[in-house]
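Quick look at start_24.cif (mmCIF, C-alpha atoms and all ligand atoms):
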data_coords
loop_
_atom_site.group_PDB
_atom_site.id
_atom_site.type_symbol
_atom_site.label_atom_id
_atom_site.label_comp_id
_atom_site.auth_asym_id
_atom_site.auth_seq_id
_atom_site.Cartn_x
_atom_site.Cartn_y
_atom_site.Cartn_z
ATOM 1 C CA MET A 1 64.727 114.226 127.542
ATOM 2 C CA SER A 2 61.064 114.355 126.583
ATOM 3 C CA PHE A 3 59.291 117.577 125.874
ATOM 4 C CA GLY A 4 56.217 118.992 124.206
ATOM 5 C CA ASN A 5 53.478 117.430 126.340
ATOM 6 C CA LEU A 6 50.490 119.793 126.106
ATOM 7 C CA THR A 7 48.098 117.885 128.380
ATOM 8 C CA GLY A 8 45.937 120.380 130.268
ATOM 9 C CA LYS A 9 46.500 123.161 127.759
ATOM 10 C CA VAL A 10 43.855 124.761 125.527
ATOM 11 C CA ALA A 11 44.807 125.929 122.042
ATOM 12 C CA VAL A 12 42.980 128.116 119.518
ATOM 13 C CA VAL A 13 43.840 127.700 115.837
ATOM 14 C CA THR A 14 42.392 130.033 113.198
ATOM 15 C CA GLY A 15 41.730 128.883 109.636
ATOM 16 C CA ALA A 16 41.740 125.240 110.721
ATOM 17 C CA ALA A 17 39.172 123.821 108.278
ATOM 18 C CA GLN A 18 41.963 122.693 105.969
ATOM 19 C CA GLY A 19 45.652 122.915 105.127
ATOM 20 C CA MET A 20 48.187 124.004 107.688
ATOM 21 C CA GLY A 21 45.621 125.060 110.290
ATOM 22 C CA LYS A 22 44.074 121.594 110.363
ATOM 23 C CA ALA A 23 47.514 119.939 110.629
ATOM 24 C CA ILE A 24 48.502 122.334 113.430
ATOM 25 C CA ALA A 25 45.297 121.575 115.358
ATOM 26 C CA LEU A 26 45.957 117.837 114.944
ATOM 27 C CA GLY A 27 49.567 118.173 116.114
ATOM 28 C CA LEU A 28 48.579 120.155 119.221
ATOM 29 C CA ALA A 29 45.752 117.723 120.080
ATOM 30 C CA GLN A 30 48.045 114.700 119.580
ATOM 31 C CA ARG A 31 50.309 116.240 122.236
ATOM 32 C CA GLY A 32 47.385 116.468 124.654
ATOM 33 C CA ALA A 33 45.844 119.925 124.180
ATOM 34 C CA ASP A 34 42.122 120.566 123.954
ATOM 35 C CA ILE A 35 41.421 122.544 120.814
ATOM 36 C CA ALA A 36 39.178 125.345 119.559
ATOM 37 C CA ILE A 37 39.111 125.858 115.827
ATOM 38 C CA CYS A 38 37.479 128.496 113.670
ATOM 39 C CA ASP A 39 37.184 129.173 109.982
ATOM 40 C CA ILE A 40 34.926 130.977 107.559
ATOM 41 C CA LYS A 41 34.152 127.661 105.786
ATOM 42 C CA LYS A 42 31.524 126.006 107.987
ATOM 43 C CA ASP A 43 31.119 122.652 106.202
ATOM 44 C CA GLU A 44 34.858 121.947 106.011
ATOM 45 C CA LEU A 45 35.233 123.087 109.626
ATOM 46 C CA GLU A 46 32.615 120.577 110.803
ATOM 47 C CA ILE A 47 34.442 117.771 108.967
ATOM 48 C CA ALA A 48 37.797 118.855 110.454
ATOM 49 C CA CYS A 49 36.252 118.973 113.933
ATOM 50 C CA ALA A 50 34.910 115.412 113.646
ATOM 51 C CA GLU A 51 38.239 114.152 112.277
ATOM 52 C CA LEU A 52 40.212 115.800 115.094
ATOM 53 C CA LYS A 53 37.917 114.331 117.761
ATOM 54 C CA ASN A 54 38.107 110.834 116.237
ATOM 55 C CA ALA A 55 41.874 110.947 115.780
ATOM 56 C CA THR A 56 42.782 112.265 119.235
ATOM 57 C CA GLY A 57 39.868 111.848 121.666
ATOM 58 C CA LYS A 58 40.463 115.419 122.837
ATOM 59 C CA LYS A 59 37.805 118.117 123.308
ATOM 60 C CA VAL A 60 37.420 120.038 120.053
ATOM 61 C CA TYR A 61 35.242 123.158 119.988
ATOM 62 C CA MET A 62 34.440 124.779 116.649
ATOM 63 C CA GLN A 63 32.760 127.958 115.478
ATOM 64 C CA LYS A 64 32.295 129.642 112.126
ATOM 65 C CA VAL A 65 34.107 132.976 112.467
ATOM 66 C CA ASP A 66 35.110 135.669 110.012
ATOM 67 C CA ILE A 67 38.354 136.650 111.712
ATOM 68 C CA SER A 68 38.319 140.084 110.070
ATOM 69 C CA ASN A 69 35.232 140.914 112.183
ATOM 70 C CA GLU A 70 36.221 142.032 115.704
ATOM 71 C CA ALA A 71 32.810 141.296 117.247
ATOM 72 C CA GLN A 72 32.895 137.715 115.910
ATOM 73 C CA VAL A 73 36.448 137.227 117.205
ATOM 74 C CA ASN A 74 35.523 138.508 120.674
ATOM 75 C CA GLN A 75 32.424 136.300 120.791
ATOM 76 C CA PHE A 76 34.460 133.238 119.775
ATOM 77 C CA VAL A 77 37.176 133.902 122.365
ATOM 78 C CA SER A 78 34.659 134.327 125.168
ATOM 79 C CA ASP A 79 32.768 131.196 124.026
ATOM 80 C CA VAL A 80 36.029 129.181 124.020
ATOM 81 C CA GLU A 81 36.926 130.435 127.493
ATOM 82 C CA ARG A 82 33.482 129.397 128.713
ATOM 83 C CA GLN A 83 33.481 125.992 126.952
ATOM 84 C CA LEU A 84 37.107 124.957 127.549
ATOM 85 C CA GLY A 85 37.961 127.073 130.598
ATOM 86 C CA LYS A 86 40.858 129.191 129.264
ATOM 87 C CA ILE A 87 43.157 129.802 126.310
ATOM 88 C CA ASP A 88 46.865 128.983 126.712
ATOM 89 C CA ILE A 89 47.961 128.826 123.083
ATOM 90 C CA LEU A 90 46.880 130.996 120.149
ATOM 91 C CA VAL A 91 47.899 130.147 116.585
ATOM 92 C CA ASN A 92 47.102 132.961 114.146
ATOM 93 C CA ASN A 93 47.128 130.874 110.991
ATOM 94 C CA ALA A 94 44.299 131.922 108.628
ATOM 95 C CA ALA A 95 45.190 134.126 105.680
ATOM 96 C CA ILE A 96 44.128 134.878 102.124
ATOM 97 C CA HIS A 97 46.314 135.285 99.091
ATOM 98 C CA PRO A 98 44.599 136.642 95.975
ATOM 99 C CA LEU A 99 47.453 136.290 93.507
ATOM 100 C CA HIS A 100 47.001 139.548 91.576
ATOM 101 C CA ALA A 101 49.412 142.016 90.004
ATOM 102 C CA ILE A 102 49.342 145.516 91.506
ATOM 103 C CA GLU A 103 47.273 146.927 88.622
ATOM 104 C CA GLU A 104 44.533 144.365 89.367
ATOM 105 C CA ILE A 105 44.285 145.035 93.113
ATOM 106 C CA SER A 106 41.365 147.239 94.197
ATOM 107 C CA SER A 107 41.414 149.322 97.337
ATOM 108 C CA ASP A 108 38.776 146.977 98.835
ATOM 109 C CA GLU A 109 40.888 143.912 98.097
ATOM 110 C CA TRP A 110 43.932 145.592 99.691
ATOM 111 C CA ASP A 111 41.917 146.309 102.854
ATOM 112 C CA LYS A 112 40.491 142.773 102.971
ATOM 113 C CA VAL A 113 43.941 141.165 102.749
ATOM 114 C CA PHE A 114 45.193 143.412 105.557
ATOM 115 C CA ALA A 115 42.081 142.734 107.656
ATOM 116 C CA VAL A 116 42.418 138.935 107.446
ATOM 117 C CA ASN A 117 46.203 138.578 107.370
ATOM 118 C CA ILE A 118 47.271 141.018 110.110
ATOM 119 C CA LYS A 119 44.423 142.993 111.715
ATOM 120 C CA ALA A 120 42.844 139.709 112.836
ATOM 121 C CA HIS A 121 46.089 138.862 114.700
ATOM 122 C CA PHE A 122 45.574 142.111 116.643
ATOM 123 C CA PHE A 123 41.904 141.241 117.381
ATOM 124 C CA PHE A 124 42.796 137.753 118.638
ATOM 125 C CA CYS A 125 45.829 138.803 120.675
ATOM 126 C CA LYS A 126 43.935 141.655 122.324
ATOM 127 C CA ALA A 127 41.151 139.240 123.261
ATOM 128 C CA VAL A 128 43.290 136.379 124.664
ATOM 129 C CA ILE A 129 46.097 138.283 126.423
ATOM 130 C CA PRO A 130 44.100 139.332 129.540
ATOM 131 C CA GLY A 131 43.474 135.659 130.440
ATOM 132 C CA MET A 132 47.063 134.682 129.641
ATOM 133 C CA ARG A 133 48.398 137.517 131.847
ATOM 134 C CA LYS A 134 46.179 136.357 134.734
ATOM 135 C CA ARG A 135 47.505 132.791 134.495
ATOM 136 C CA LYS A 136 51.099 133.943 133.797
ATOM 137 C CA PHE A 137 51.337 131.666 130.790
ATOM 138 C CA GLY A 138 50.759 132.085 127.091
ATOM 139 C CA ARG A 139 52.072 130.993 123.731
ATOM 140 C CA ILE A 140 51.180 133.111 120.702
ATOM 141 C CA ILE A 141 52.344 131.892 117.303
ATOM 142 C CA SER A 142 51.601 133.887 114.169
ATOM 143 C CA ILE A 143 52.102 132.370 110.736
ATOM 144 C CA SER A 144 54.028 134.714 108.459
ATOM 145 C CA SER A 145 55.735 133.609 105.232
ATOM 146 C CA GLU A 146 59.055 133.642 103.459
ATOM 147 C CA ALA A 147 57.329 136.396 101.430
ATOM 148 C CA GLY A 148 57.362 138.558 104.570
ATOM 149 C CA LYS A 149 61.157 138.563 104.445
ATOM 150 C CA ASN A 150 62.117 138.536 100.763
ATOM 151 C CA GLY A 151 58.926 139.850 99.134
ATOM 152 C CA GLY A 152 58.051 136.411 97.827
ATOM 153 C CA THR A 153 58.929 134.184 94.884
ATOM 154 C CA VAL A 154 55.340 133.836 93.644
ATOM 155 C CA ALA A 155 53.375 136.336 95.760
ATOM 156 C CA ALA A 156 51.130 139.390 95.549
ATOM 157 C CA VAL A 157 52.276 142.742 96.949
ATOM 158 C CA HIS A 158 49.502 143.085 99.567
ATOM 159 C CA TYR A 159 50.092 139.528 100.793
ATOM 160 C CA ALA A 160 53.863 140.086 101.107
ATOM 161 C CA ALA A 161 53.266 143.383 102.934
ATOM 162 C CA THR A 162 50.974 141.731 105.488
ATOM 163 C CA LYS A 163 53.449 138.916 106.069
ATOM 164 C CA GLY A 164 56.217 141.464 106.711
ATOM 165 C CA ALA A 165 53.873 143.204 109.147
ATOM 166 C CA VAL A 166 53.419 139.940 111.077
ATOM 167 C CA LEU A 167 57.170 139.879 111.811
ATOM 168 C CA SER A 168 57.271 143.343 113.408
ATOM 169 C CA PHE A 169 53.932 142.685 115.137
ATOM 170 C CA VAL A 170 55.358 139.711 117.053
ATOM 171 C CA ARG A 171 58.615 141.501 117.889
ATOM 172 C CA ASN A 172 56.721 144.396 119.439
ATOM 173 C CA LEU A 173 54.044 142.355 121.216
ATOM 174 C CA ALA A 174 56.623 139.983 122.704
ATOM 175 C CA GLN A 175 58.130 142.926 124.610
ATOM 176 C CA GLN A 176 54.747 143.951 126.034
ATOM 177 C CA VAL A 177 53.819 140.549 127.481
ATOM 178 C CA GLY A 178 57.082 138.692 128.170
ATOM 179 C CA ALA A 179 57.218 139.558 131.867
ATOM 180 C CA ASP A 180 53.900 137.725 132.309
ATOM 181 C CA GLY A 181 55.203 134.427 130.930
ATOM 182 C CA ILE A 182 53.773 134.935 127.457
ATOM 183 C CA THR A 183 55.936 134.287 124.396
ATOM 184 C CA VAL A 184 55.109 135.629 120.942
ATOM 185 C CA ASN A 185 56.775 134.169 117.860
ATOM 186 C CA ALA A 186 56.315 133.901 114.114
ATOM 187 C CA ILE A 187 56.869 131.032 111.727
ATOM 188 C CA ALA A 188 57.896 131.840 108.170
ATOM 189 C CA PRO A 189 56.994 128.825 106.017
ATOM 190 C CA GLY A 190 58.453 128.303 102.601
ATOM 191 C CA ARG A 191 56.352 126.617 99.912
ATOM 192 C CA ILE A 192 53.892 124.196 101.532
ATOM 193 C CA GLU A 193 51.510 121.873 99.681
ATOM 194 C CA THR A 194 48.007 123.152 100.548
ATOM 195 C CA ALA A 195 44.964 124.546 98.734
ATOM 196 C CA MET A 196 46.671 127.955 98.766
ATOM 197 C CA THR A 197 49.403 126.670 96.434
ATOM 198 C CA ALA A 198 47.410 124.005 94.554
ATOM 199 C CA THR A 199 46.737 126.225 91.535
ATOM 200 C CA ALA A 200 50.441 126.976 90.954
ATOM 201 C CA THR A 201 51.864 126.195 87.533
ATOM 202 C CA PRO A 202 54.688 123.608 87.299
ATOM 203 C CA GLU A 203 57.049 126.499 86.448
ATOM 204 C CA GLN A 204 56.087 128.379 89.636
ATOM 205 C CA THR A 205 56.604 125.236 91.742
ATOM 206 C CA GLN A 206 59.954 124.592 90.056
ATOM 207 C CA LYS A 207 61.184 128.033 91.173
ATOM 208 C CA PHE A 208 60.923 126.865 94.792
ATOM 209 C CA LEU A 209 62.457 123.454 94.130
ATOM 210 C CA ASP A 210 65.431 125.117 92.405
ATOM 211 C CA LYS A 211 66.088 127.226 95.521
ATOM 212 C CA SER A 212 65.427 124.408 98.005
ATOM 213 C CA ILE A 213 68.232 122.532 99.750
ATOM 214 C CA ILE A 214 65.912 119.685 100.745
ATOM 215 C CA LYS A 215 64.476 119.415 97.187
ATOM 216 C CA ARG A 216 60.820 118.982 98.066
ATOM 217 C CA LEU A 217 57.884 121.199 98.958
ATOM 218 C CA GLY A 218 56.885 121.333 102.602
ATOM 219 C CA SER A 219 53.926 119.491 104.093
ATOM 220 C CA PRO A 220 51.426 121.000 106.555
ATOM 221 C CA ALA A 221 52.883 118.629 109.178
ATOM 222 C CA ASP A 222 56.324 120.279 108.773
ATOM 223 C CA ILE A 223 54.756 123.506 110.044
ATOM 224 C CA ALA A 224 52.736 121.739 112.748
ATOM 225 C CA TYR A 225 55.936 120.318 114.308
ATOM 226 C CA ALA A 226 57.420 123.827 114.560
ATOM 227 C CA VAL A 227 54.218 125.186 116.114
ATOM 228 C CA CYS A 228 54.157 122.345 118.668
ATOM 229 C CA TYR A 229 57.690 123.243 119.767
ATOM 230 C CA LEU A 230 56.941 126.962 120.124
ATOM 231 C CA ALA A 231 53.695 126.110 121.976
ATOM 232 C CA SER A 232 55.493 123.921 124.525
ATOM 233 C CA GLU A 233 56.376 124.791 128.126
ATOM 234 C CA GLU A 234 59.988 124.108 127.191
ATOM 235 C CA ALA A 235 60.090 126.940 124.624
ATOM 236 C CA SER A 236 59.748 129.534 127.400
ATOM 237 C CA PHE A 237 63.049 131.238 126.506
ATOM 238 C CA VAL A 238 62.195 131.649 122.800
ATOM 239 C CA THR A 239 60.338 134.856 122.049
ATOM 240 C CA ALA A 240 60.196 137.661 119.456
ATOM 241 C CA GLU A 241 61.677 135.095 117.061
ATOM 242 C CA THR A 242 60.834 134.138 113.490
ATOM 243 C CA MET A 243 61.395 130.467 112.794
ATOM 244 C CA ALA A 244 62.028 129.677 109.131
ATOM 245 C CA VAL A 245 60.586 126.331 108.005
ATOM 246 C CA ASN A 246 61.388 126.350 104.318
ATOM 247 C CA GLY A 247 63.711 123.513 103.302
ATOM 248 C CA GLY A 248 66.508 126.037 102.947
ATOM 249 C CA THR A 249 64.973 128.190 100.219
ATOM 250 C CA LEU A 250 65.779 131.391 102.133
ATOM 251 C CA ARG A 251 68.919 131.492 104.242
ATOM 252 C CA ASP A 252 69.097 134.694 106.286
HETATM 253 N N1 LIG B 1 50.880 127.249 101.564
HETATM 254 C C1 LIG B 1 52.023 127.896 101.538
HETATM 255 O O1 LIG B 1 52.911 127.633 100.697
HETATM 256 C C2 LIG B 1 52.295 128.976 102.524
HETATM 257 C C3 LIG B 1 53.570 129.549 102.543
HETATM 258 C C4 LIG B 1 53.862 130.525 103.478
HETATM 259 C C5 LIG B 1 52.904 130.913 104.393
HETATM 260 N N2 LIG B 1 51.656 130.361 104.350
HETATM 261 C C6 LIG B 1 50.705 130.798 105.358
HETATM 262 O O2 LIG B 1 50.265 129.672 106.093
HETATM 263 C C7 LIG B 1 48.946 129.896 106.599
HETATM 264 C C8 LIG B 1 48.028 128.755 106.213
HETATM 265 O O3 LIG B 1 48.008 128.670 104.803
HETATM 266 P P1 LIG B 1 47.405 127.434 103.992
HETATM 267 O O4 LIG B 1 48.343 127.182 102.876
HETATM 268 O O5 LIG B 1 47.034 126.340 104.922
HETATM 269 O O6 LIG B 1 46.110 128.158 103.386
HETATM 270 P P2 LIG B 1 44.653 127.604 103.055
HETATM 271 O O7 LIG B 1 44.105 128.584 102.070
HETATM 272 O O8 LIG B 1 44.681 126.165 102.701
HETATM 273 O O9 LIG B 1 43.913 127.757 104.454
HETATM 274 C C9 LIG B 1 43.599 129.006 105.010
HETATM 275 C C10 LIG B 1 42.329 128.866 105.807
HETATM 276 O O10 LIG B 1 41.983 130.175 106.308
HETATM 277 C C11 LIG B 1 40.581 130.322 106.182
HETATM 278 N N3 LIG B 1 40.178 131.733 106.125
HETATM 279 C C12 LIG B 1 40.386 132.609 105.108
HETATM 280 N N4 LIG B 1 39.811 133.783 105.391
HETATM 281 C C13 LIG B 1 39.229 133.659 106.613
HETATM 282 C C14 LIG B 1 38.455 134.525 107.429
HETATM 283 N N5 LIG B 1 38.167 135.787 107.050
HETATM 284 N N6 LIG B 1 38.018 134.063 108.626
HETATM 285 C C15 LIG B 1 38.278 132.796 109.011
HETATM 286 N N7 LIG B 1 39.003 131.926 108.271
HETATM 287 C C16 LIG B 1 39.457 132.355 107.081
HETATM 288 C C17 LIG B 1 40.250 129.606 104.885
HETATM 289 O O11 LIG B 1 38.862 129.314 104.775
HETATM 290 C C18 LIG B 1 41.135 128.380 104.958
HETATM 291 O O12 LIG B 1 40.494 127.299 105.588
HETATM 292 C C19 LIG B 1 48.539 131.257 106.035
HETATM 293 O O13 LIG B 1 48.829 132.261 106.984
HETATM 294 C C20 LIG B 1 49.434 131.406 104.832
HETATM 295 O O14 LIG B 1 49.620 132.753 104.461
HETATM 296 C C21 LIG B 1 51.319 129.412 103.439
#
Please render this file's structure as structure tokens.
Ligand SMILES: NC(=O)c1ccc[n+]([C@@H]2O[C@H](COP(=O)([O-])OP(=O)(O)OC[C@H]3O[C@@H](n4cnc5c(N)ncnc54)[C@H](O)[C@@H]3O)[C@@H](O)[C@H]2O)c1
Amino acid sequence: MSFGNLTGKVAVVTGAAQGMGKAIALGLAQRGADIAICDIKKDELEIACAELKNATGKKVYMQKVDISNEAQVNQFVSDVERQLGKIDILVNNAAIHPLHAIEEISSDEWDKVFAVNIKAHFFFCKAVIPGMRKRKFGRIISISSEAGKNGGTVAAVHYAATKGAVLSFVRNLAQQVGADGITVNAIAPGRIETAMTATATPEQTQKFLDKSIIKRLGSPADIAYAVCYLASEEASFVTAETMAVNGGTLRD
């Protein structure tokens, strides 16, 4: 049985200039989807766009977007719909994680983390759902974290709170759109080797390896494979779910 062919589909991936977002965009394009990527880092985004085009031969549209800005999100979504015709798959991936203790977190920093890590999911979903409802098909995948379930092993309190919010966000939204063929799911990665975790001390990394069954950190591709499944036609009966991809560090 073969599954996961995304030919003819259009996917949006946020925060795709690097790390998991870039790997997710590559995975979706390798399965046949045309891709629209955005990020706040323009130079890295341009490099990622060229790499994705060269590696897959698919259409890749890019735009610099601050996803915490609703006007920029709406402009991007309408530009993607004009350039690529529609949006079938949305991957809410971008996030920030200032690793600060509670005493060091300002009110502005708290609001910024919430704006990027969860409010932007609301902006994007609100913008893409009308088109998905019309076509009776949609796949929305929001990247949460193990920290959203257990508070985190090495995580800041605002980050963990936003990642918990992602889980209830998808469970609610799934109920609102399911009858129109739209699924909404979360992925809760464990420790993945990206820029977000590159500054960790060996002791912090060891904490994850001690808890891991698989005894390695995850790669961005490990998350991309899970996204590609949830984005597929064949995952139509999976919704309001949180898929753990963590090497067994959290078993719940
Ligand atoms: N790396 C891990 O161990 C880990 C674990 C669990 C969950 N996650 C989650 O996985 C996702 C991807 O993480 P990553 O490790 O690839 O992180 P990363 O920091 O490497 O990449 C995040 C991307 O988001 C972009 N971004 C940040 N703010 C933005 C904004 N306002 N507008 C547009 N783009 C913005 C960044 O420029 C960056 O390219 C995040 O949601 C993260 O919370 C990561």
Please report, as a tab-separated table, each residue of segment 3-67 of chain A lying at most 9 Å from segment 227-250 of chain A, together with the nearest pair of atoms and the separation in Å rounded to one decimal; use all atoms listed in the file, and order rows by chain and ascending residue number.
residue	atom	partner	partner_atom	distance
A:Phe3	CA	A:Glu234	CA	6.7
A:Gly4	CA	A:Ser232	CA	5.0
A:Asn5	CA	A:Ser232	CA	7.0
A:Leu6	CA	A:Ser232	CA	6.7
A:Ala11	CA	A:Ala231	CA	8.9
A:Ile24	CA	A:Val227	CA	6.9
A:Gly27	CA	A:Cys228	CA	6.7
A:Leu28	CA	A:Cys228	CA	6.0
A:Arg31	CA	A:Cys228	CA	8.1
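Minimum atom-to-atom distance to ligand LIG 1 (chain B), evaluated using only C-alpha atoms and all ligand atoms, belongs to A:Pro220 out of A:Gly164, A:Pro220, A:Gly57, A:Gly151.
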Could you list the residues chosen by the PyMOL selection byres (((not hetatm)) within 6 of (chain B and resi 1)) in this structure as a PyMOL selection string? chain A and resi 15-21+39-41+65-68+93-96+116+143-145+189-197
Just so the selection is clear, what residues does the PyMOL selection byres (((chain A and resi 172) around 12) and not hetatm) cover here, as an MDAnalysis selection string? chainID A and resid 122 165:171 173:178 183:186 239:241
Mind writing the picked residues with C-alpha atoms as a PDB file, keeping the file's coordinate frame?
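Output contents, as saved in result39.pdb:
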ATOM      1  CA  PHE A 122      45.574 142.111 116.643  1.00  0.00           C
ATOM      2  CA  ALA A 165      53.873 143.204 109.147  1.00  0.00           C
ATOM      3  CA  VAL A 166      53.419 139.940 111.077  1.00  0.00           C
ATOM      4  CA  LEU A 167      57.170 139.879 111.811  1.00  0.00           C
ATOM      5  CA  SER A 168      57.271 143.343 113.408  1.00  0.00           C
ATOM      6  CA  PHE A 169      53.932 142.685 115.137  1.00  0.00           C
ATOM      7  CA  VAL A 170      55.358 139.711 117.053  1.00  0.00           C
ATOM      8  CA  ARG A 171      58.615 141.501 117.889  1.00  0.00           C
ATOM      9  CA  LEU A 173      54.044 142.355 121.216  1.00  0.00           C
ATOM     10  CA  ALA A 174      56.623 139.983 122.704  1.00  0.00           C
ATOM     11  CA  GLN A 175      58.130 142.926 124.610  1.00  0.00           C
ATOM     12  CA  GLN A 176      54.747 143.951 126.034  1.00  0.00           C
ATOM     13  CA  VAL A 177      53.819 140.549 127.481  1.00  0.00           C
ATOM     14  CA  GLY A 178      57.082 138.692 128.170  1.00  0.00           C
ATOM     15  CA  THR A 183      55.936 134.287 124.396  1.00  0.00           C
ATOM     16  CA  VAL A 184      55.109 135.629 120.942  1.00  0.00           C
ATOM     17  CA  ASN A 185      56.775 134.169 117.860  1.00  0.00           C
ATOM     18  CA  ALA A 186      56.315 133.901 114.114  1.00  0.00           C
ATOM     19  CA  THR A 239      60.338 134.856 122.049  1.00  0.00           C
ATOM     20  CA  ALA A 240      60.196 137.661 119.456  1.00  0.00           C
ATOM     21  CA  GLU A 241      61.677 135.095 117.061  1.00  0.00           C
TER      22      GLU A 241
END
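Considering the residues A:His158, A:Lys215, A:His121, A:Lys64 and counting all atoms listed in the file, Val91 of chain A has its shortest atom-to-atom contact with A:His121.
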In terms of all atoms listed in the file, the residue from A:Lys211, A:Ile35, A:Ala188, A:Ile105 at minimal distance from Gly8 of chain A is A:Ile35
| request: Give as a ChimeraX atom specification each residue that has an atom at most 7 Å from (57.3, 138.5, 101.8) in the file, counting all atoms listed in the file. | output: /A:145-152,160-161,163-164
Notebook entry, point to check: Can you list, as a ChimeraX atom specification, the residues that the PyMOL selection byres (((chain A and resi 206) around 12) and not hetatm) selects here?
Noted result: /A:153-154,191,200-205,207-212,215-217,249
Keeping C-alpha atoms, export the residues of the selection given above as a CSV table (one decimal), in the coordinates of the input.
chain,number,residue,atom,x,y,z
A,153,THR,CA,58.9,134.2,94.9
A,154,VAL,CA,55.3,133.8,93.6
A,191,ARG,CA,56.4,126.6,99.9
A,200,ALA,CA,50.4,127.0,91.0
A,201,THR,CA,51.9,126.2,87.5
A,202,PRO,CA,54.7,123.6,87.3
A,203,GLU,CA,57.0,126.5,86.4
A,204,GLN,CA,56.1,128.4,89.6
A,205,THR,CA,56.6,125.2,91.7
A,207,LYS,CA,61.2,128.0,91.2
A,208,PHE,CA,60.9,126.9,94.8
A,209,LEU,CA,62.5,123.5,94.1
A,210,ASP,CA,65.4,125.1,92.4
A,211,LYS,CA,66.1,127.2,95.5
A,212,SER,CA,65.4,124.4,98.0
A,215,LYS,CA,64.5,119.4,97.2
A,216,ARG,CA,60.8,119.0,98.1
A,217,LEU,CA,57.9,121.2,99.0
A,249,THR,CA,65.0,128.2,100.2
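Across the structure, atom CA of Ile187 of chain A and atom CA of Leu90 of chain A are spaced 13.1 Å apart.
The spacing separating atom CA of Gln83 of chain A from atom CA of Leu26 of chain A amounts to 19.1 Å.
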With distances taken over all atoms listed in the file, the candidate from A:Ala179, A:Ala101, A:Ile214, A:Ile141 nearest Ala155 of chain A is A:Ala101
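Across the model, the gap from atom CA of Val77 of chain A to atom CA of Ala127 of chain A is 6.7 Å.
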| field | Residues near segment 53-55 of chain A, cut-off 12 Å, all atoms listed in the file, skip fewer than 2 positions along chain, as a PyMOL selection string | value | chain A and resi 23+25-37+46-51+57-62
